[in-house]
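Structure data follow from start.json (JSON, C-alpha atoms and all ligand atoms):
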```
[["chain", "number", "residue", "atom", "x", "y", "z"],
["K", 1, "MET", "CA", -53.56, 127.84, 28.65],
["K", 2, "THR", "CA", -56.89, 126.04, 28.60],
["K", 3, "ASP", "CA", -58.94, 125.01, 31.66],
["K", 4, "ASP", "CA", -57.41, 121.55, 31.69],
["K", 5, "GLY", "CA", -53.90, 122.99, 31.77],
["K", 6, "THR", "CA", -52.95, 122.19, 28.19],
["K", 7, "THR", "CA", -51.50, 124.88, 25.96],
["K", 8, "GLU", "CA", -54.10, 126.29, 23.63],
["K", 9, "ARG", "CA", -53.35, 126.09, 19.94],
["K", 10, "GLN", "CA", -52.77, 129.27, 17.96],
["K", 11, "TYR", "CA", -54.31, 129.85, 14.55],
["K", 12, "HIS", "CA", -53.55, 132.56, 12.03],
["K", 13, "LEU", "CA", -56.54, 134.81, 11.39],
["K", 14, "ASP", "CA", -56.28, 137.76, 9.02],
["K", 15, "GLY", "CA", -52.58, 138.25, 9.58],
["K", 16, "GLU", "CA", -52.48, 137.71, 13.35],
["K", 17, "LEU", "CA", -51.81, 134.69, 15.51],
["K", 18, "VAL", "CA", -54.76, 134.21, 17.86],
["K", 19, "PRO", "CA", -55.64, 131.56, 20.44],
["K", 20, "ALA", "CA", -57.93, 128.87, 18.95],
["K", 21, "SER", "CA", -60.84, 129.94, 21.20],
["K", 22, "ALA", "CA", -60.65, 133.49, 19.78],
["K", 23, "ALA", "CA", -60.28, 132.37, 16.14],
["K", 24, "THR", "CA", -63.82, 133.15, 15.03],
["K", 25, "VAL", "CA", -65.36, 134.35, 11.80],
["K", 26, "SER", "CA", -68.22, 136.81, 11.33],
["K", 27, "VAL", "CA", -71.75, 135.55, 10.61],
["K", 28, "ASP", "CA", -71.63, 137.92, 7.63],
["K", 29, "ASP", "CA", -68.59, 136.15, 6.19],
["K", 30, "ARG", "CA", -69.36, 134.83, 2.73],
["K", 31, "GLY", "CA", -67.45, 131.65, 3.51],
["K", 32, "PHE", "CA", -70.04, 130.93, 6.21],
["K", 33, "ARG", "CA", -73.05, 132.21, 4.29],
["K", 34, "TYR", "CA", -72.42, 130.72, 0.89],
["K", 35, "GLY", "CA", -69.32, 128.53, 1.01],
["K", 36, "ASP", "CA", -67.72, 131.35, -0.99],
["K", 37, "GLY", "CA", -64.10, 130.54, -0.33],
["K", 38, "ALA", "CA", -61.08, 128.55, -1.43],
["K", 39, "PHE", "CA", -58.95, 126.22, 0.64],
["K", 40, "GLU", "CA", -56.08, 123.79, 0.64],
["K", 41, "THR", "CA", -55.36, 120.91, 2.98],
["K", 42, "LEU", "CA", -51.62, 120.51, 3.38],
["K", 43, "ARG", "CA", -49.19, 118.43, 5.34],
["K", 44, "ALA", "CA", -46.08, 119.55, 7.12],
["K", 45, "TYR", "CA", -43.42, 116.89, 7.48],
["K", 46, "GLY", "CA", -40.43, 117.90, 9.59],
["K", 47, "GLY", "CA", -41.61, 121.51, 9.37],
["K", 48, "GLN", "CA", -41.70, 121.50, 5.54],
["K", 49, "ILE", "CA", -44.91, 121.77, 3.57],
["K", 50, "PHE", "CA", -45.00, 118.85, 1.14],
["K", 51, "GLU", "CA", -45.68, 119.92, -2.48],
["K", 52, "TRP", "CA", -46.20, 123.56, -1.49],
["K", 53, "GLU", "CA", -45.87, 124.91, -5.04],
["K", 54, "ALA", "CA", -48.50, 122.47, -6.39],
["K", 55, "HIS", "CA", -50.92, 123.40, -3.59],
["K", 56, "ALA", "CA", -50.25, 127.12, -4.13],
["K", 57, "ASP", "CA", -50.89, 126.66, -7.88],
["K", 58, "ARG", "CA", -54.20, 124.93, -7.22],
["K", 59, "LEU", "CA", -55.24, 127.60, -4.71],
["K", 60, "GLU", "CA", -54.41, 130.26, -7.27],
["K", 61, "ARG", "CA", -56.50, 128.41, -9.87],
["K", 62, "THR", "CA", -59.43, 128.06, -7.48],
["K", 63, "CYS", "CA", -59.32, 131.77, -6.66],
["K", 64, "GLU", "CA", -59.12, 132.65, -10.34],
["K", 65, "THR", "CA", -62.09, 130.37, -11.13],
["K", 66, "ILE", "CA", -64.28, 131.96, -8.47],
["K", 67, "GLY", "CA", -62.97, 135.47, -9.16],
["K", 68, "LEU", "CA", -61.51, 135.97, -5.69],
["K", 69, "GLU", "CA", -58.63, 138.42, -5.68],
["K", 70, "HIS", "CA", -57.24, 138.19, -2.18],
["K", 71, "GLY", "CA", -54.08, 140.19, -2.90],
["K", 72, "LEU", "CA", -51.68, 137.96, -0.92],
["K", 73, "SER", "CA", -48.53, 136.56, -2.49],
["K", 74, "ARG", "CA", -47.70, 132.90, -2.11],
["K", 75, "THR", "CA", -44.62, 133.94, -0.15],
["K", 76, "GLU", "CA", -46.85, 135.71, 2.34],
["K", 77, "LEU", "CA", -49.18, 132.72, 2.57],
["K", 78, "ALA", "CA", -46.19, 130.41, 3.15],
["K", 79, "ARG", "CA", -44.90, 132.80, 5.80],
["K", 80, "ARG", "CA", -48.21, 132.67, 7.67],
["K", 81, "ILE", "CA", -48.19, 128.87, 7.56],
["K", 82, "ASP", "CA", -44.60, 128.73, 8.86],
["K", 83, "GLU", "CA", -45.45, 131.21, 11.62],
["K", 84, "THR", "CA", -48.45, 129.13, 12.70],
["K", 85, "LEU", "CA", -46.43, 125.91, 12.77],
["K", 86, "ALA", "CA", -43.69, 127.61, 14.80],
["K", 87, "ALA", "CA", -46.17, 129.18, 17.26],
["K", 88, "ASN", "CA", -47.58, 125.72, 17.94],
["K", 89, "ASP", "CA", -44.19, 124.05, 18.05],
["K", 90, "LEU", "CA", -45.32, 121.67, 15.32],
["K", 91, "GLU", "CA", -43.18, 119.97, 12.71],
["K", 92, "ASP", "CA", -45.47, 117.13, 11.63],
["K", 93, "ALA", "CA", -48.91, 118.56, 11.13],
["K", 94, "TYR", "CA", -52.17, 118.82, 9.26],
["K", 95, "VAL", "CA", -52.51, 122.35, 7.90],
["K", 96, "ARG", "CA", -55.59, 123.95, 6.41],
["K", 97, "LEU", "CA", -55.31, 127.26, 4.60],
["K", 98, "SER", "CA", -58.66, 128.92, 3.89],
["K", 99, "ILE", "CA", -59.39, 132.15, 2.07],
["K", 100, "THR", "CA", -62.95, 133.40, 1.85],
["K", 101, "ARG", "CA", -64.33, 136.46, 0.07],
["K", 102, "GLY", "CA", -64.75, 137.93, 3.53],
["K", 103, "VAL", "CA", -67.46, 140.00, 5.17],
["K", 104, "GLN", "CA", -69.82, 141.40, 2.58],
["K", 105, "PRO", "CA", -73.36, 141.65, 3.95],
["K", 106, "GLY", "CA", -76.13, 142.12, 1.45],
["K", 107, "THR", "CA", -76.32, 140.45, -1.87],
["K", 108, "LEU", "CA", -75.26, 137.21, -3.45],
["K", 109, "THR", "CA", -73.38, 139.08, -6.18],
["K", 110, "PRO", "CA", -69.85, 139.56, -4.89],
["K", 111, "ARG", "CA", -68.46, 143.06, -4.68],
["K", 112, "GLU", "CA", -65.13, 143.78, -6.30],
["K", 113, "ASP", "CA", -63.47, 145.17, -3.20],
["K", 114, "VAL", "CA", -62.54, 142.09, -1.26],
["K", 115, "ASP", "CA", -61.32, 142.06, 2.32],
["K", 116, "PRO", "CA", -60.60, 138.35, 2.51],
["K", 117, "THR", "CA", -60.77, 136.23, 5.60],
["K", 118, "VAL", "CA", -57.56, 134.23, 5.72],
["K", 119, "VAL", "CA", -57.19, 131.38, 8.18],
["K", 120, "VAL", "CA", -54.36, 128.98, 8.86],
["K", 121, "TYR", "CA", -55.52, 126.10, 11.00],
["K", 122, "VAL", "CA", -53.08, 123.45, 12.23],
["K", 123, "LYS", "CA", -53.21, 120.29, 14.28],
["K", 124, "PRO", "CA", -50.61, 117.67, 15.08],
["K", 125, "LEU", "CA", -50.46, 114.77, 12.62],
["K", 126, "PRO", "CA", -47.65, 112.26, 13.00],
["K", 127, "ARG", "CA", -45.69, 111.32, 9.92],
["K", 128, "GLY", "CA", -47.49, 108.05, 9.27],
["K", 129, "GLY", "CA", -46.56, 106.26, 6.10],
["K", 130, "ARG", "CA", -45.28, 102.71, 6.14],
["K", 131, "SER", "CA", -42.54, 103.30, 8.67],
["K", 132, "GLY", "CA", -44.77, 105.06, 11.22],
["K", 133, "ASP", "CA", -48.43, 104.59, 11.99],
["K", 134, "PRO", "CA", -50.69, 105.51, 9.11],
["K", 135, "VAL", "CA", -53.25, 108.19, 9.91],
["K", 136, "TRP", "CA", -56.07, 105.87, 8.84],
["K", 137, "ASP", "CA", -57.32, 103.02, 11.02],
["K", 138, "GLY", "CA", -56.96, 100.43, 8.30],
["K", 139, "PRO", "CA", -57.55, 99.81, 4.61],
["K", 140, "ALA", "CA", -60.63, 101.60, 3.32],
["K", 141, "THR", "CA", -64.00, 100.08, 2.57],
["K", 142, "VAL", "CA", -65.63, 101.84, -0.34],
["K", 143, "GLN", "CA", -69.23, 102.00, -1.49],
["K", 144, "THR", "CA", -70.49, 103.30, -4.81],
["K", 145, "VAL", "CA", -73.25, 105.80, -4.01],
["K", 146, "LYS", "CA", -76.28, 107.03, -5.93],
["K", 147, "ARG", "CA", -75.32, 110.68, -5.54],
["K", 148, "ARG", "CA", -73.42, 111.89, -8.63],
["K", 149, "ARG", "CA", -70.41, 114.16, -8.74],
["K", 150, "ILE", "CA", -71.48, 117.68, -9.64],
["K", 151, "PRO", "CA", -70.67, 118.25, -13.31],
["K", 152, "ASP", "CA", -67.96, 120.72, -14.18],
["K", 153, "ALA", "CA", -70.47, 122.85, -16.07],
["K", 154, "ALA", "CA", -72.32, 123.42, -12.79],
["K", 155, "LEU", "CA", -69.38, 123.84, -10.42],
["K", 156, "PRO", "CA", -65.82, 123.71, -11.78],
["K", 157, "VAL", "CA", -64.37, 120.49, -10.42],
["K", 158, "ASP", "CA", -60.78, 121.69, -10.37],
["K", 159, "ALA", "CA", -61.70, 124.42, -7.89],
["K", 160, "LYS", "CA", -61.31, 123.43, -4.24],
["K", 161, "THR", "CA", -63.98, 125.54, -2.60],
["K", 162, "HIS", "CA", -65.57, 125.53, 0.85],
["K", 163, "ASN", "CA", -68.71, 123.90, -0.52],
["K", 164, "TYR", "CA", -68.58, 120.18, 0.25],
["K", 165, "LEU", "CA", -72.28, 119.37, 0.27],
["K", 166, "ASN", "CA", -71.89, 117.06, -2.72],
["K", 167, "GLY", "CA", -69.47, 114.92, -0.72],
["K", 168, "ILE", "CA", -71.44, 115.22, 2.52],
["K", 169, "LEU", "CA", -74.60, 113.92, 0.85],
["K", 170, "ALA", "CA", -72.60, 111.09, -0.68],
["K", 171, "ARG", "CA", -71.13, 110.15, 2.72],
["K", 172, "GLN", "CA", -74.62, 110.14, 4.25],
["K", 173, "GLU", "CA", -75.51, 107.26, 1.96],
["K", 174, "LEU", "CA", -72.73, 105.08, 3.34],
["K", 175, "TYR", "CA", -73.63, 101.87, 5.06],
["K", 176, "ASP", "CA", -70.68, 100.39, 6.91],
["K", 177, "ALA", "CA", -68.09, 101.90, 4.53],
["K", 178, "ASP", "CA", -65.38, 104.55, 4.97],
["K", 179, "GLU", "CA", -65.50, 106.34, 1.66],
["K", 180, "ALA", "CA", -68.11, 106.92, -1.01],
["K", 181, "LEU", "CA", -67.28, 106.46, -4.67],
["K", 182, "LEU", "CA", -69.04, 108.97, -6.89],
["K", 183, "ARG", "CA", -69.79, 108.55, -10.56],
["K", 184, "ASP", "CA", -70.30, 111.42, -12.96],
["K", 185, "MET", "CA", -73.62, 112.17, -14.67],
["K", 186, "ASP", "CA", -72.80, 109.63, -17.43],
["K", 187, "GLY", "CA", -71.96, 106.84, -15.02],
["K", 188, "TYR", "CA", -68.17, 107.05, -15.31],
["K", 189, "VAL", "CA", -66.22, 106.62, -12.10],
["K", 190, "ALA", "CA", -65.11, 110.03, -10.82],
["K", 191, "GLU", "CA", -63.59, 110.02, -7.32],
["K", 192, "GLY", "CA", -64.18, 109.69, -3.60],
["K", 193, "THR", "CA", -65.69, 112.48, -1.51],
["K", 194, "THR", "CA", -62.25, 113.64, -0.37],
["K", 195, "SER", "CA", -59.97, 111.35, -2.35],
["K", 196, "ASN", "CA", -58.86, 110.26, -5.80],
["K", 197, "LEU", "CA", -59.17, 106.61, -6.80],
["K", 198, "PHE", "CA", -56.59, 104.34, -8.40],
["K", 199, "PHE", "CA", -56.81, 100.70, -9.45],
["K", 200, "VAL", "CA", -54.35, 98.17, -10.78],
["K", 201, "ASP", "CA", -55.03, 95.51, -13.40],
["K", 202, "GLU", "CA", -52.91, 93.51, -15.85],
["K", 203, "ASN", "CA", -52.34, 96.69, -17.91],
["K", 204, "GLY", "CA", -50.92, 98.73, -15.04],
["K", 205, "LEU", "CA", -52.15, 101.58, -12.92],
["K", 206, "HIS", "CA", -55.35, 103.45, -13.73],
["K", 207, "THR", "CA", -57.05, 106.57, -12.43],
["K", 208, "PRO", "CA", -60.00, 108.57, -13.79],
["K", 209, "THR", "CA", -58.91, 111.43, -16.03],
["K", 210, "THR", "CA", -59.13, 115.01, -14.79],
["K", 211, "GLU", "CA", -60.95, 115.74, -18.06],
["K", 212, "GLY", "CA", -63.89, 114.28, -16.16],
["K", 213, "SER", "CA", -65.48, 115.33, -12.87],
["K", 214, "VAL", "CA", -62.31, 114.81, -10.86],
["K", 215, "LEU", "CA", -60.43, 117.19, -8.57],
["K", 216, "PRO", "CA", -56.77, 117.20, -9.66],
["K", 217, "GLY", "CA", -55.39, 115.88, -6.38],
["K", 218, "ILE", "CA", -51.82, 116.71, -5.49],
["K", 219, "THR", "CA", -51.25, 113.21, -4.10],
["K", 220, "ARG", "CA", -52.69, 111.81, -7.35],
["K", 221, "LYS", "CA", -50.09, 113.84, -9.27],
["K", 222, "VAL", "CA", -47.23, 112.58, -7.07],
["K", 223, "VAL", "CA", -48.39, 108.96, -7.42],
["K", 224, "LEU", "CA", -48.50, 109.26, -11.22],
["K", 225, "GLU", "CA", -44.97, 110.74, -11.17],
["K", 226, "LEU", "CA", -43.70, 107.90, -8.96],
["K", 227, "ALA", "CA", -45.33, 105.29, -11.19],
["K", 228, "ALA", "CA", -43.73, 106.84, -14.28],
["K", 229, "ASP", "CA", -40.31, 106.85, -12.56],
["K", 230, "THR", "CA", -40.52, 103.14, -11.76],
["K", 231, "GLY", "CA", -41.87, 101.98, -15.07],
["K", 232, "VAL", "CA", -45.37, 101.04, -13.85],
["K", 233, "PRO", "CA", -47.53, 102.15, -16.77],
["K", 234, "GLY", "CA", -49.97, 104.80, -15.54],
["K", 235, "HIS", "CA", -53.20, 105.40, -17.44],
["K", 236, "GLU", "CA", -55.62, 108.29, -17.00],
["K", 237, "GLY", "CA", -58.94, 107.33, -18.54],
["K", 238, "TRP", "CA", -62.69, 106.93, -18.40],
["K", 239, "TYR", "CA", -63.76, 103.95, -16.33],
["K", 240, "ARG", "CA", -66.98, 102.17, -15.38],
["K", 241, "PRO", "CA", -67.64, 100.63, -11.95],
["K", 242, "ASP", "CA", -67.13, 97.17, -13.52],
["K", 243, "ASP", "CA", -63.52, 98.09, -14.38],
["K", 244, "ILE", "CA", -62.89, 98.66, -10.68],
["K", 245, "ARG", "CA", -64.65, 95.46, -9.63],
["K", 246, "GLU", "CA", -62.40, 93.44, -11.94],
["K", 247, "ALA", "CA", -59.18, 95.08, -10.68],
["K", 248, "ASP", "CA", -56.49, 93.38, -8.57],
["K", 249, "GLU", "CA", -55.67, 96.32, -6.32],
["K", 250, "VAL", "CA", -57.46, 99.55, -5.47],
["K", 251, "PHE", "CA", -56.26, 102.50, -3.41],
["K", 252, "LEU", "CA", -57.31, 106.04, -2.56],
["K", 253, "THR", "CA", -55.11, 109.11, -2.32],
["K", 254, "ASN", "CA", -55.33, 112.42, -0.59],
["K", 255, "THR", "CA", -53.00, 114.71, 1.30],
["K", 256, "THR", "CA", -53.99, 113.42, 4.72],
["K", 257, "TRP", "CA", -54.27, 109.71, 3.91],
["K", 258, "GLU", "CA", -51.37, 109.71, 1.41],
["K", 259, "ILE", "CA", -51.88, 106.27, -0.22],
["K", 260, "ARG", "CA", -54.69, 104.38, 1.50],
["K", 261, "PRO", "CA", -55.19, 100.78, 0.38],
["K", 262, "VAL", "CA", -58.76, 99.68, -0.29],
["K", 263, "GLU", "CA", -59.96, 96.39, 1.10],
["K", 264, "THR", "CA", -63.41, 96.26, -0.47],
["K", 265, "VAL", "CA", -65.50, 98.12, -3.03],
["K", 266, "ASP", "CA", -69.21, 97.29, -2.85],
["K", 267, "GLY", "CA", -68.37, 94.12, -0.95],
["K", 268, "ILE", "CA", -65.76, 92.87, -3.46],
["K", 269, "THR", "CA", -62.40, 92.19, -1.84],
["K", 270, "PHE", "CA", -59.01, 93.40, -3.14],
["K", 271, "GLU", "CA", -55.44, 92.80, -2.14],
["K", 272, "GLY", "CA", -55.44, 95.89, 0.11],
["K", 273, "GLU", "CA", -52.22, 96.57, 2.00],
["K", 274, "ASP", "CA", -50.50, 93.53, 0.53],
["K", 275, "GLY", "CA", -51.06, 94.48, -3.10],
["K", 276, "PRO", "CA", -47.61, 94.62, -4.74],
["K", 277, "VAL", "CA", -48.17, 97.86, -6.67],
["K", 278, "THR", "CA", -49.82, 99.55, -3.67],
["K", 279, "THR", "CA", -46.89, 98.45, -1.50],
["K", 280, "LEU", "CA", -44.31, 99.64, -4.01],
["K", 281, "LEU", "CA", -45.94, 103.05, -4.51],
["K", 282, "SER", "CA", -46.44, 103.54, -0.75],
["K", 283, "ARG", "CA", -42.74, 102.89, -0.17],
["K", 284, "LEU", "CA", -41.78, 105.30, -2.94],
["K", 285, "PHE", "CA", -44.16, 107.91, -1.55],
["K", 286, "ASP", "CA", -42.52, 107.60, 1.87],
["K", 287, "GLN", "CA", -39.13, 107.94, 0.26],
["K", 288, "ARG", "CA", -40.23, 111.09, -1.59],
["K", 289, "VAL", "CA", -41.42, 112.61, 1.70],
["K", 290, "GLU", "CA", -38.14, 111.64, 3.33],
["K", 291, "ASP", "CA", -36.05, 113.11, 0.50],
["K", 292, "VAL", "CA", -37.84, 116.41, 0.08],
["K", 293, "CYS", "CA", -38.88, 117.18, 3.67],
["K", 294, "TYR", "CA", -36.67, 115.40, 6.18],
["K", 295, "ALA", "CA", -33.39, 115.06, 4.33],
["K", 296, "PRO", "CA", -33.25, 117.68, 1.59],
["K", 297, "SER", "CA", -29.83, 117.79, -0.02],
["I", 1, "LIG", "N1", -60.93, 114.81, -4.51],
["I", 1, "LIG", "C1", -61.61, 115.58, -3.63],
["I", 1, "LIG", "C2", -63.05, 115.88, -3.88],
["I", 1, "LIG", "C3", -60.97, 116.08, -2.49],
["I", 1, "LIG", "O1", -61.62, 116.86, -1.62],
["I", 1, "LIG", "C4", -59.60, 115.77, -2.27],
["I", 1, "LIG", "C5", -58.90, 116.30, -1.06],
["I", 1, "LIG", "N2", -58.38, 117.58, -1.31],
["I", 1, "LIG", "C6", -58.93, 114.97, -3.21],
["I", 1, "LIG", "C7", -59.64, 114.50, -4.32],
["I", 1, "LIG", "C8", -57.46, 114.65, -3.05],
["I", 1, "LIG", "O2", -56.67, 115.78, -3.26],
["I", 1, "LIG", "P1", -55.24, 115.99, -2.59],
["I", 1, "LIG", "O3", -54.41, 114.80, -2.97],
["I", 1, "LIG", "O4", -54.74, 117.25, -3.20],
["I", 1, "LIG", "O5", -55.45, 116.08, -1.12]]
```
I'd like the structure from this file rewritten - as structure tokens, please.
Amino acid sequence: MTDDGTTERQYHLDGELVPASAATVSVDDRGFRYGDGAFETLRAYGGQIFEWEAHADRLERTCETIGLEHGLSRTELARRIDETLAANDLEDAYVRLSITRGVQPGTLTPREDVDPTVVVYVKPLPRGGRSGDPVWDGPATVQTVKRRRIPDAALPVDAKTHNYLNGILARQELYDADEALLRDMDGYVAEGTTSNLFFVDENGLHTPTTEGSVLPGITRKVVLELAADTGVPGHEGWYRPDDIREADEVFLTNTTWEIRPVETVDGITFEGEDGPVTTLLSRLFDQRVEDVCYAPS
């Protein structure tokens, strides 16, 4: 119980459920010192983690990329998530699973013996989608920023690590916009700070290729699958800001937002929530969530 009489949330820390106020990490933790950790943001719908295998695959890839051998199976990680959801009596939730290289005081060079810090953080997040209330306040306003996406050669873009300074600096440039659009070092459109970008023109659906400086978003993957299923041609390519400006519809995707329509990019207005392809894909996304999480056969 907290002072105001509400029940305190429980988080999973290194294999134990602990009250939120006691869920603390050492100042010597490499996740705190250097951002030396991997994480996934997930959503639970009706108590089921949506796209768990895809998230677990990406986490595994991130850990492999940064050479972090945490020694936990994906079954064990899933068990800890389920236990945390149950302890908090949550079925519809935001879930964050973080694994850092743990407490290793001393040098920047990581030691081989890793005692990872493993945290499962949860908070209530209603289903949202088109039938409920979306988690976002309204369609996004997007601004192209000067800050460039870190090139893959400097920091592998398919690794989802604790270090978000690139995105934080991009967000600090925003003037009256919700999300920053980053280009790569050659000026090609990459992605948002925490989202992938899609646009629709007369040739179909487009999104920057993951051959570029783009995190392979799980929501991006689902949207491309849904588009393929319905016959909307989906293209993964290299695009310039002008390609976006000339589009009919633009939307952003991430695990928390799902499909978030975009109202403006750099002051240019798009069809937003009423765009036919955005509407169609949002409905199909909702249906996918319904089928796999709420009403699995
Ligand atoms: N790009 C970046 C940089 C992100 O941080 C995120 C959020 N994880 C995404 C894209 C979207 O990924 P996902 O759909 O897996 O949430």
Sorted by chain and rising residue number, which residues of chain K lie within 10 Å of ligand LIG 1 (chain I), and what are their closest atom pairs and distances in Å to one decimal, counting only C-alpha atoms and all ligand atoms, as a tab-separated table?
```
residue	atom	partner	partner_atom	distance
K:Phe39	CA	I:LIG1	N2	8.9
K:Glu40	CA	I:LIG1	N2	6.9
K:Thr41	CA	I:LIG1	N2	6.2
K:Leu42	CA	I:LIG1	O5	7.4
K:Arg43	CA	I:LIG1	O5	9.3
K:Glu51	CA	I:LIG1	O4	9.5
K:Ala54	CA	I:LIG1	O4	8.7
K:His55	CA	I:LIG1	O4	7.3
K:Arg58	CA	I:LIG1	O4	8.7
K:Arg149	CA	I:LIG1	C2	9.0
K:Val157	CA	I:LIG1	C2	8.1
K:Asp158	CA	I:LIG1	C2	9.0
K:Ala159	CA	I:LIG1	C2	9.5
K:Lys160	CA	I:LIG1	O1	7.1
K:Thr161	CA	I:LIG1	O1	9.0
K:His162	CA	I:LIG1	O1	9.8
K:Tyr164	CA	I:LIG1	O1	7.9
K:Asn166	CA	I:LIG1	C2	9.0
K:Gly167	CA	I:LIG1	C2	7.2
K:Leu182	CA	I:LIG1	C2	9.6
K:Ala190	CA	I:LIG1	N1	9.0
K:Glu191	CA	I:LIG1	N1	6.2
K:Gly192	CA	I:LIG1	N1	6.1
K:Thr193	CA	I:LIG1	C2	4.9
K:Thr194	CA	I:LIG1	C3	3.5
K:Ser195	CA	I:LIG1	C7	3.7
K:Asn196	CA	I:LIG1	C7	4.6
K:Leu197	CA	I:LIG1	C7	8.3
K:Ser213	CA	I:LIG1	C2	9.3
K:Val214	CA	I:LIG1	N1	6.5
K:Leu215	CA	I:LIG1	N1	4.7
K:Pro216	CA	I:LIG1	O2	6.6
K:Gly217	CA	I:LIG1	O2	3.4
K:Ile218	CA	I:LIG1	O4	3.7
K:Thr219	CA	I:LIG1	O3	3.7
K:Arg220	CA	I:LIG1	O3	5.6
K:Lys221	CA	I:LIG1	O3	7.7
K:Val222	CA	I:LIG1	O3	8.6
K:Val223	CA	I:LIG1	O3	9.5
K:Leu252	CA	I:LIG1	C8	8.6
K:Thr253	CA	I:LIG1	O3	5.8
K:Asn254	CA	I:LIG1	O3	3.5
K:Thr255	CA	I:LIG1	O5	3.7
K:Thr256	CA	I:LIG1	O5	6.6
K:Trp257	CA	I:LIG1	O5	8.2
K:Glu258	CA	I:LIG1	O3	7.4
K:Ile259	CA	I:LIG1	O3	9.3
```
One decimal, Å: what's the distance from atom CA of K:Ala44 over to atom CA of K:Arg9, could you say? 16.1 Å
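The closest residue to K:Gln143, picked from K:Ile99, K:Val189, K:Ala20, K:Leu77 and counting only C-alpha atoms, is K:Val189.
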Quick one: of K:Arg33, K:Arg240, K:Arg288, K:Arg260, who's nearest to K:Asp186, counting all atoms listed in the file?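 With all atoms listed in the file as the atom set, the closest residue is K:Arg240.
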Any idea what's packed within 12 Å of K:Val18, counting only C-alpha atoms, ignoring anything in its chain fewer than 4 positions away? Could you give it as number ranges by chain? K: 8-14, 22-24, 83-84, 87-88, 119-121
Enter the distance from atom CA of K:Ala56 to atom CA of K:Leu97, in Å, rounded to one decimal. 10.1 Å
Given the choices K:Leu224, K:Val27, K:Val292, K:Ile49, which gets closest to K:Pro105 if the distance is worked out from all atoms listed in the file? K:Val27
One decimal, in Å: what's the spacing between atom CA of K:Asp184 and atom CA of K:Arg171? 15.8 Å
Find the residue from K:Ala86, K:Ala228, K:Val200, K:Leu205 that sits nearest to K:Phe270; use all atoms listed in the file when measuring.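 The shortest atom-to-atom distance to K:Phe270 comes from K:Val200.
The shortest atom-to-atom distance to K:Val114, with only C-alpha atoms taken into account, belongs to K:Glu69 out of K:Glu202, K:Glu69, K:Glu271, K:Asp291.
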Judged by only C-alpha atoms, the minimum distance to K:Arg96 among K:Val277, K:Val142, K:Ala38, K:Ile150 is found for K:Ala38
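Near stretch 102-104 of chain K, within 10 Å and counting all atoms listed in the file, sit Val25, Ser26, Val27, Asp28, Asp29, Arg30, Gly31, Phe32, Arg33, Asp36, Gly37, Leu68, His70, Pro110, Arg111, Asp113, Val114, Asp115, Pro116, Thr117 and Val118 of chain K; same-chain residues fewer than 6 positions away were not included.
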Pick out the residues sitting within 12 Å of K:Asp201, and hand them over as a PyMOL selection string; count all atoms listed in the file, and ignore anything fewer than 4 positions along from it in its own chain. chain K and resi 205-207+232-235+243-250+270-271+275-278
